[in-house]
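**Student:** Mind having a look at this structure? Questions to follow.
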Amino acid sequence: MTQQNQNNCYLVETDAGEYVMYDPESDTYNNVSFQNENEDYEQNNEENASSLNNIKCNVWDRAQTLLLLEKCTNKKKDLDNPRNKKFAIYKEIAQEMQMFGYNFTYEQCMNRMKTLDEI
């Protein structure tokens, strides 16, 4: 799961189910924690919703990531061609994903692929 905040950082869920904040400008990851223990369920939900609402971006789930990988695989030849502008190809990919109801920008698609390459 990934969300981008106003500072262009991304909230990323690791395979272990933990959250880290990724900053692509400094290429660093920072731990993130949410208070979940010994609190009332409603208060807990409100705090987490408030924390996540401050990060204004879509979250990448498994299905969305797999679709992005499929779209990038279909356009691999274009993406590998140094004469092509990557942002234009990712714009096409983002538009194709919108047909499935996933509203990611081309920048989010590019950054998601970058974070997948780093894993």
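To be explicit about the labels: the chains of the structure tokens are called A, B, and onward in the order shown, and within each one the residues are counted from 1, while ligands get numbers from 1 in the order they are shown.
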Any idea what's packed within 12 Å of Ile93 of chain A, counting only C-alpha atoms, ignoring anything in its chain fewer than 4 positions away? Could you give it as a ChimeraX atom specification?

**Tutor:** /A:64,67-76,78-79,86-89,97-100,102-110,113

**Student:** Would you save the residues of that selection, restricted to C-alpha atoms, as a PDB file, in the first residue's frame?

**Tutor:**
```pdb
ATOM      1  CA  GLN A  64      -3.510  -1.997  -8.869  1.00  0.00           C
ATOM      2  CA  LEU A  67      -2.310  -3.991 -13.403  1.00  0.00           C
ATOM      3  CA  LEU A  68       0.476  -1.404 -13.529  1.00  0.00           C
ATOM      4  CA  LEU A  69       3.028  -4.174 -14.051  1.00  0.00           C
ATOM      5  CA  GLU A  70       0.902  -5.633 -16.845  1.00  0.00           C
ATOM      6  CA  LYS A  71       0.564  -2.247 -18.573  1.00  0.00           C
ATOM      7  CA  CYS A  72       4.304  -1.575 -18.250  1.00  0.00           C
ATOM      8  CA  THR A  73       5.096  -5.048 -19.592  1.00  0.00           C
ATOM      9  CA  ASN A  74       2.879  -4.350 -22.601  1.00  0.00           C
ATOM     10  CA  LYS A  75       4.795  -1.124 -23.217  1.00  0.00           C
ATOM     11  CA  LYS A  76       8.235  -2.485 -22.325  1.00  0.00           C
ATOM     12  CA  ASP A  78       8.498   1.703 -25.748  1.00  0.00           C
ATOM     13  CA  LEU A  79       9.825   2.205 -22.201  1.00  0.00           C
ATOM     14  CA  LYS A  86       9.032   8.034 -20.425  1.00  0.00           C
ATOM     15  CA  PHE A  87       6.511  10.499 -19.019  1.00  0.00           C
ATOM     16  CA  ALA A  88       4.434  10.296 -22.213  1.00  0.00           C
ATOM     17  CA  ILE A  89       4.306   6.506 -21.993  1.00  0.00           C
ATOM     18  CA  MET A  97      -5.567   2.389 -15.578  1.00  0.00           C
ATOM     19  CA  GLN A  98      -8.327   5.011 -15.278  1.00  0.00           C
ATOM     20  CA  MET A  99     -10.478   2.780 -17.477  1.00  0.00           C
ATOM     21  CA  PHE A 100     -10.299   0.272 -14.602  1.00  0.00           C
ATOM     22  CA  TYR A 102      -7.721   3.559 -10.747  1.00  0.00           C
ATOM     23  CA  ASN A 103      -6.996   7.292 -10.631  1.00  0.00           C
ATOM     24  CA  PHE A 104      -3.224   7.519 -10.483  1.00  0.00           C
ATOM     25  CA  THR A 105      -1.196  10.225 -12.187  1.00  0.00           C
ATOM     26  CA  TYR A 106       1.626   9.352 -14.539  1.00  0.00           C
ATOM     27  CA  GLU A 107       4.065  10.512 -11.841  1.00  0.00           C
ATOM     28  CA  GLN A 108       2.554   8.107  -9.328  1.00  0.00           C
ATOM     29  CA  CYS A 109       2.849   5.277 -11.853  1.00  0.00           C
ATOM     30  CA  MET A 110       6.490   6.133 -12.547  1.00  0.00           C
ATOM     31  CA  MET A 113       7.620   1.330 -10.689  1.00  0.00           C
TER      32      MET A 113
END
```
